[in-house]
$ cat protein31.cif   # mmCIF, C-alpha atoms
data_model
loop_
_atom_site.label_atom_id
_atom_site.label_comp_id
_atom_site.auth_asym_id
_atom_site.auth_seq_id
_atom_site.Cartn_x
_atom_site.Cartn_y
_atom_site.Cartn_z
CA MET F 63 4.14 -9.06 14.27
CA LYS F 64 2.94 -7.80 10.91
CA THR F 65 -0.44 -6.16 10.65
CA LEU F 66 -3.11 -7.61 8.42
CA LYS F 67 -2.85 -4.54 6.20
CA ASN F 68 0.87 -5.11 5.66
CA GLN F 69 0.25 -8.76 4.92
CA PHE F 70 -2.30 -7.77 2.31
CA LYS F 71 0.19 -5.43 0.69
CA LYS F 72 2.78 -8.16 0.33
CA PHE F 73 0.63 -11.14 -0.50
CA SER F 74 -2.47 -9.98 -2.32
CA ILE F 75 -0.60 -8.82 -5.40
CA LEU F 76 0.86 -12.31 -5.62
CA LEU F 77 -2.59 -13.83 -5.42
CA LEU F 78 -3.93 -11.54 -8.13
CA SER F 79 -1.07 -12.15 -10.56
CA GLY F 80 -2.42 -15.21 -12.30
CA ILE F 81 -0.72 -17.63 -9.90
CA LEU F 82 -2.75 -20.68 -9.07
CA VAL F 83 -1.09 -22.32 -6.15
CA THR F 84 1.77 -20.30 -4.79
CA SER F 85 2.41 -20.73 -1.13
CA LEU F 86 6.16 -20.82 -1.17
CA ILE F 87 9.01 -21.87 1.03
CA ASN F 88 10.99 -19.34 3.06
CA CYS F 89 14.27 -17.81 1.95
CA THR F 90 16.39 -20.40 3.72
CA GLY F 91 15.43 -22.72 0.88
CA LYS F 92 14.01 -25.30 3.29
CA LYS F 93 10.58 -26.75 2.79
CA GLY F 94 9.15 -25.74 6.13
CA GLU F 95 6.28 -27.44 7.87
CA PRO F 96 2.94 -25.62 8.13
CA ILE F 97 2.37 -23.84 11.39
CA GLU F 98 -0.85 -23.96 13.33
CA GLY F 99 -3.41 -21.28 12.59
CA SER F 100 -7.06 -20.49 12.71
CA ASP F 101 -9.29 -22.94 10.88
CA SER F 102 -11.85 -20.26 10.10
CA LYS F 103 -12.15 -19.18 6.50
CA LEU F 104 -11.18 -15.64 5.69
CA ASP F 105 -13.93 -13.46 4.29
CA LYS F 106 -13.01 -13.43 0.61
CA ALA F 107 -15.20 -10.44 -0.17
CA SER F 108 -13.48 -8.48 2.58
CA ILE F 109 -10.07 -9.57 1.31
CA GLU F 110 -10.88 -8.45 -2.23
CA LYS F 111 -12.12 -5.07 -0.97
CA THR F 112 -8.95 -4.59 1.06
CA VAL F 113 -6.82 -5.61 -1.92
CA ARG F 114 -8.39 -2.93 -4.08
CA GLU F 115 -8.10 -0.27 -1.38
CA VAL F 116 -4.56 -0.76 -0.11
CA VAL F 117 -2.62 -2.29 -3.00
CA TYR F 118 -1.19 -0.19 -5.77
CA PRO F 119 -2.84 -1.40 -9.00
CA LEU F 120 -0.44 -3.98 -10.37
CA PRO F 121 -2.19 -5.64 -13.33
CA THR F 122 -2.68 -9.38 -13.08
CA SER F 123 -1.47 -11.65 -15.82
CA PHE F 124 -5.12 -12.24 -16.71
CA GLU F 125 -5.58 -8.48 -17.12
CA VAL F 126 -2.45 -8.12 -19.25
CA ILE F 127 -3.44 -11.03 -21.49
CA ASN F 128 -6.98 -9.66 -21.74
CA MET F 129 -5.55 -6.39 -23.05
CA ILE F 130 -3.83 -8.40 -25.79
CA ASN F 131 -6.94 -10.45 -26.48
CA LYS F 132 -9.06 -7.30 -26.90
CA ILE F 133 -6.83 -5.98 -29.66
CA GLU F 134 -7.53 -9.22 -31.53
CA ALA F 135 -3.97 -10.51 -31.49
CA SER F 136 -3.91 -14.20 -32.35
CA TYR F 137 -2.79 -16.91 -29.95
CA ILE F 138 0.74 -17.95 -30.89
CA ILE F 139 1.62 -21.62 -30.45
CA GLY F 140 5.17 -21.95 -29.13
CA LEU F 141 5.37 -18.51 -27.56
CA THR F 142 4.97 -19.93 -24.05
CA ASN F 143 7.59 -21.74 -21.97
CA PRO F 144 7.98 -25.27 -23.43
CA LEU F 145 6.32 -27.89 -21.23
CA ALA F 146 9.40 -30.11 -21.35
CA ASN F 147 11.40 -27.41 -19.58
CA VAL F 148 9.68 -28.28 -16.29
CA ASP F 149 12.05 -31.23 -15.87
CA LYS F 150 15.06 -28.87 -15.87
CA TYR F 151 14.07 -26.99 -12.74
CA PHE F 152 15.67 -28.50 -9.66
CA THR F 153 16.36 -25.57 -7.35
CA ASP F 154 13.73 -23.77 -5.30
CA LYS F 155 14.58 -20.56 -7.17
CA SER F 156 14.05 -22.00 -10.66
CA GLN F 157 10.92 -23.88 -9.60
CA ALA F 158 9.39 -20.79 -7.99
CA LEU F 159 10.22 -18.46 -10.88
CA ASN F 160 8.88 -20.88 -13.45
CA LEU F 161 5.75 -21.58 -11.46
CA GLY F 162 5.13 -17.88 -12.04
CA VAL F 163 6.04 -18.21 -15.72
CA TYR F 164 3.67 -21.12 -16.26
CA SER F 165 0.92 -19.29 -14.38
CA ALA F 166 1.13 -16.45 -16.90
CA ASP F 167 1.13 -19.02 -19.71
CA LEU F 168 -1.97 -20.55 -18.15
CA SER F 169 -3.62 -17.13 -18.15
CA TYR F 170 -2.67 -16.75 -21.82
CA ALA F 171 -4.16 -20.13 -22.75
CA SER F 172 -7.28 -19.61 -20.61
CA THR F 173 -8.04 -16.20 -22.05
CA TYR F 174 -7.88 -17.60 -25.58
CA ASN F 175 -9.88 -20.70 -24.54
CA MET F 176 -7.07 -23.07 -25.59
CA LYS F 177 -8.40 -26.06 -23.69
CA GLN F 178 -5.57 -28.54 -24.20
CA GLU F 179 -3.00 -25.88 -23.43
CA VAL F 180 -4.84 -25.03 -20.21
CA MET F 181 -4.62 -28.64 -19.07
CA ASN F 182 -0.97 -28.86 -20.10
CA PHE F 183 -0.05 -25.81 -18.03
CA MET F 184 -2.09 -27.14 -15.13
CA ASP F 185 -0.05 -30.35 -15.27
CA VAL F 186 3.36 -28.65 -15.21
CA SER F 187 2.22 -26.24 -12.49
CA GLU F 188 1.04 -29.18 -10.40
CA LYS F 189 4.45 -30.82 -10.86
CA LEU F 190 6.25 -27.73 -9.61
CA VAL F 191 3.86 -27.40 -6.69
CA LYS F 192 4.64 -30.97 -5.66
CA GLU F 193 8.38 -30.39 -6.06
CA LEU F 194 8.14 -27.35 -3.80
CA GLY F 195 6.12 -29.33 -1.25
CA ILE F 196 3.20 -26.90 -1.20
CA THR F 197 0.27 -29.07 -2.24
CA GLY F 198 -1.66 -27.85 0.79
CA ALA F 199 -2.04 -24.47 -0.87
CA PHE F 200 -5.17 -25.40 -2.78
CA SER F 201 -8.16 -27.71 -2.65
CA SER F 202 -7.68 -31.31 -3.75
CA ASP F 203 -10.78 -30.80 -5.91
CA PHE F 204 -9.38 -27.79 -7.72
CA ILE F 205 -7.84 -29.57 -10.71
CA GLU F 206 -10.91 -31.76 -11.11
CA GLU F 207 -13.14 -28.67 -11.11
CA VAL F 208 -10.95 -27.04 -13.75
CA GLU F 209 -11.20 -30.17 -15.91
CA LEU F 210 -14.98 -30.32 -15.53
CA ASN F 211 -15.37 -26.66 -16.48
CA ILE F 212 -12.75 -26.46 -19.21
CA ASP F 213 -15.43 -25.43 -21.74
CA ASN F 214 -16.75 -22.60 -19.58
CA LYS F 215 -14.24 -19.78 -19.84
CA ASP F 216 -16.00 -17.45 -17.40
CA LEU F 217 -16.38 -20.13 -14.72
CA LEU F 218 -12.79 -21.23 -15.28
CA VAL F 219 -11.55 -17.71 -14.55
CA GLU F 220 -13.81 -17.60 -11.48
CA LEU F 221 -12.36 -20.89 -10.19
CA ILE F 222 -8.82 -19.64 -10.63
CA THR F 223 -9.62 -16.32 -8.95
CA GLU F 224 -11.22 -18.14 -6.01
CA SER F 225 -8.06 -20.19 -5.64
CA PHE F 226 -6.04 -16.96 -5.17
CA TYR F 227 -7.87 -16.20 -1.95
CA ASP F 228 -7.56 -19.78 -0.72
CA THR F 229 -3.84 -19.48 -1.39
CA TYR F 230 -3.74 -16.21 0.54
CA GLU F 231 -5.23 -17.97 3.55
CA TYR F 232 -2.59 -20.68 3.28
CA LEU F 233 0.20 -18.10 3.04
CA VAL F 234 -1.03 -16.27 6.13
CA LYS F 235 -1.25 -19.47 8.13
CA ASN F 236 2.19 -20.67 7.10
CA ASN F 237 4.10 -17.36 7.28
CA LYS F 238 5.83 -17.83 3.90
CA GLU F 239 6.61 -14.64 2.11
CA ASP F 240 10.00 -13.95 0.48
CA LEU F 241 10.12 -16.64 -2.19
CA SER F 242 6.55 -15.89 -3.13
CA LEU F 243 8.07 -12.81 -4.73
CA LEU F 244 9.98 -15.08 -7.11
CA VAL F 245 6.70 -16.45 -8.40
CA LEU F 246 5.34 -12.95 -8.82
CA THR F 247 8.47 -11.93 -10.73
CA GLY F 248 8.27 -14.96 -13.02
CA SER F 249 4.62 -14.18 -13.78
CA TRP F 250 5.34 -10.52 -14.53
CA VAL F 251 8.29 -11.30 -16.80
CA GLU F 252 6.31 -13.88 -18.79
CA ALA F 253 3.33 -11.55 -19.23
CA MET F 254 5.74 -8.87 -20.45
CA TYR F 255 7.44 -11.34 -22.79
CA ILE F 256 4.10 -12.36 -24.32
CA SER F 257 3.13 -8.70 -24.72
CA CYS F 258 6.42 -7.92 -26.43
CA ASN F 259 6.26 -10.87 -28.82
CA ILE F 260 2.59 -11.11 -29.76
CA SER F 261 3.37 -9.21 -32.96
CA ASN F 262 6.36 -8.64 -35.21
CA THR F 263 5.44 -4.98 -35.43
CA VAL F 264 4.84 -3.99 -31.82
CA TYR F 265 5.85 -0.36 -32.21
CA SER F 266 3.47 0.23 -35.12
CA ASN F 267 0.51 -1.04 -33.08
CA PRO F 268 -0.66 1.75 -30.73
CA GLU F 269 -2.70 -0.66 -28.60
CA LEU F 270 0.27 -2.95 -28.01
CA VAL F 271 2.39 0.08 -27.14
CA LYS F 272 -0.23 1.00 -24.53
CA VAL F 273 -0.08 -2.52 -23.05
CA ILE F 274 3.68 -2.36 -22.69
CA MET F 275 3.68 1.20 -21.39
CA HIS F 276 1.07 0.16 -18.83
CA GLN F 277 3.69 -2.18 -17.39
CA LYS F 278 5.94 0.70 -16.33
CA SER F 279 4.08 1.29 -13.07
CA ALA F 280 3.75 -2.47 -12.59
CA LEU F 281 7.52 -2.88 -12.82
CA TYR F 282 8.10 -0.07 -10.34
CA LYS F 283 5.68 -1.71 -7.91
CA LEU F 284 7.36 -5.09 -8.35
CA ILE F 285 10.75 -3.55 -7.56
CA GLU F 286 9.22 -1.81 -4.56
CA LEU F 287 8.02 -5.17 -3.25
CA LEU F 288 11.38 -6.87 -3.85
CA ALA F 289 13.58 -4.12 -2.41
CA PRO F 290 12.95 -4.76 1.33
CA HIS F 291 14.21 -8.33 0.80
CA ASN F 292 17.43 -7.40 -1.00
CA SER F 293 19.59 -8.83 1.78
CA HIS F 294 18.75 -12.21 0.30
CA GLU F 295 21.10 -13.00 -2.59
CA THR F 296 18.35 -14.39 -4.83
CA ILE F 297 16.14 -11.32 -4.46
CA GLN F 298 19.08 -8.99 -5.04
CA SER F 299 19.98 -10.86 -8.23
CA LEU F 300 16.42 -10.39 -9.47
CA LEU F 301 16.60 -6.67 -8.73
CA ASN F 302 19.81 -6.53 -10.73
CA ASP F 303 18.17 -8.40 -13.60
CA LEU F 304 15.14 -6.11 -13.65
CA ASN F 305 17.19 -2.92 -13.54
CA PRO F 306 18.02 -2.77 -17.29
CA ILE F 307 14.29 -2.79 -18.09
CA LYS F 308 13.67 -0.14 -15.44
CA LEU F 309 16.41 2.08 -16.88
CA VAL F 310 14.70 2.06 -20.28
CA TYR F 311 11.36 2.99 -18.71
CA ASP F 312 13.14 5.72 -16.71
CA SER F 313 14.43 7.23 -19.95
CA ILE F 314 10.96 7.66 -21.48
CA ASP F 315 9.83 11.30 -21.26
CA GLU F 316 6.50 13.05 -21.70
CA LYS F 317 6.93 13.04 -25.49
CA GLY F 318 6.29 9.30 -25.53
CA ILE F 319 8.25 6.15 -26.19
CA THR F 320 10.59 5.96 -29.18
CA GLN F 321 11.06 2.92 -31.38
CA LYS F 322 14.57 2.48 -29.97
CA GLN F 323 13.25 2.48 -26.40
CA MET F 324 10.58 -0.04 -27.32
CA GLU F 325 13.18 -2.27 -28.94
CA ASP F 326 15.38 -2.00 -25.86
CA ILE F 327 12.49 -3.02 -23.59
CA ILE F 328 11.79 -6.02 -25.80
CA THR F 329 15.46 -7.03 -25.90
CA GLN F 330 15.96 -6.72 -22.14
CA THR F 331 12.70 -8.57 -21.40
CA GLU F 332 13.65 -11.42 -23.73
CA ALA F 333 17.09 -11.71 -22.15
CA LEU F 334 15.68 -11.92 -18.63
CA ARG F 335 12.96 -14.37 -19.64
CA GLU F 336 15.53 -16.60 -21.34
CA LYS F 337 17.64 -16.55 -18.17
CA ILE F 338 14.65 -17.59 -16.07
CA ILE F 339 13.41 -20.47 -18.26
CA ALA F 340 16.84 -21.81 -19.29
#

$ encode --input "protein31.cif" --output "structure tokens"
Amino acid sequence: MKTLKNQFKKFSILLLSGILVTSLINCTGKKGEPIEGSDSKLDKASIEKTVREVVYPLPTSFEVINMINKIEASYIIGLTNPLANVDKYFTDKSQALNLGVYSADLSYASTYNMKQEVMNFMDVSEKLVKELGITGAFSSDFIEEVELNIDNKDLLVELITESFYDTYEYLVKNNKEDLSLLVLTGSWVEAMYISCNISNTVYSNPELVKVIMHQKSALYKLIELLAPHNSHETIQSLLNDLNPIKLVYDSIDEKGITQKQMEDIITQTEALREKIIA
């Protein structure tokens, strides 16, 4: 039986990656029934403290988008995954990956206070949650609370953060872990894609270069989390897809990133993102 510390290591990064409602099905692809567990609420303050102590710092999609926001890059309409794409996702894999993608898009819209976009991404995320059969992962009042507080950016972020810990509790009770990594991967790829495409002149913007370079350690941590599950074909395919990006990061030396390396990261990220949302 896994220790609580090990559970934190695997699940807390997922909860802090901008994902609203991601208690996912197991790797058999079956929508399993919840198992019985304690009804007592976990101490969220204790969970957050443990997260910060035991988890390698993988930036959340909120944190990545905030980095972009702080350098005064404008919100780009059409950069996110088109809402209509949600109807194309029929498999558990595509639904889980794109739940992660839309969660990063939600972070993007929330950080820029794009109210209608926030509600749109809430709607498509809710659709994927229902398709995956995981509506028990968050409070029935959650969407209503988001709608009521759509004008309060700080409270909106607080509501979403609170939902991460509720989702953690649900994950622990239901023993669902491997496919949750698909959601995490989708969220990371979309945050990277947004970072790489927020400007036509990424390499000439030192702050944007810092944002993308900051993702090197995040990618390594993501691969570290995926690797123990590589016996599952879906996880192994993701590791294969992430490897070209990793190889570019591996080639960067202490002299700093070159324009060619930056262009290669952008190209490889765009290719993987297109594969996920197609």

$ resolve_selection --input "protein31.cif" --expression "the PyMOL selection byres ((chain F and resi 245-262) around 6)" --output "number ranges by chain"
F: 76, 123, 158-160, 162-163, 166, 242-244, 263-264, 328

$ atom_distance --input "protein31.cif" --atom1 "CA of Thr296 (chain F)" --atom2 "CA of Phe152 (chain F)"
15.2 Å

$ closest_residue --input "protein31.cif" --among "F:Ile130, F:Leu281, F:Ser156, F:Ile319" --to "Pro306 (chain F)" --atoms "only C-alpha atoms"
F:Leu281

$ residues_around --input "protein31.cif" --residues "Met181 (chain F)" --least-positions-apart "6" --cutoff "12 Å" --atoms "only C-alpha atoms" --output "ChimeraX atom specification"
/F:145,164-165,167-169,171-172,175,187-188,205-213,218

$ atom_distance --input "protein31.cif" --atom1 "CA of Glu332 (chain F)" --atom2 "CA of Ile196 (chain F)"
29.3 Å

$ closest_residue --input "protein31.cif" --among "F:Val180, F:Ala340, F:Leu161, F:Met324" --to "Asn267 (chain F)" --atoms "all atoms listed in the file"
F:Met324

$ atom_distance --input "protein31.cif" --atom1 "CA of Phe204 (chain F)" --atom2 "CA of Leu221 (chain F)"
7.9 Å

$ residues_near_point --input "protein31.cif" --point "(16.0, -14.0, -13.1)" --cutoff "8 Å" --atoms "all atoms listed in the file" --output "list in words"
Leu159, Gly248, Ser299, Leu300, Asp303, Leu304, Leu334, Arg335, Lys337 and Ile338 of chain F

$ closest_residue --input "protein31.cif" --among "F:Asn143, F:Ser266, F:Asn214, F:Thr320" --to "Phe183 (chain F)" --atoms "only C-alpha atoms"
F:Asn143

$ axis_aligned_box --input "protein31.cif" --around "region 317-324 of chain F" --padding-each-side "6 Å" --output "AutoDock Vina command-line options"
--center_x 10.4 --center_y 6.5 --center_z -28.4 --size_x 20.3 --size_y 25.1 --size_z 17.9
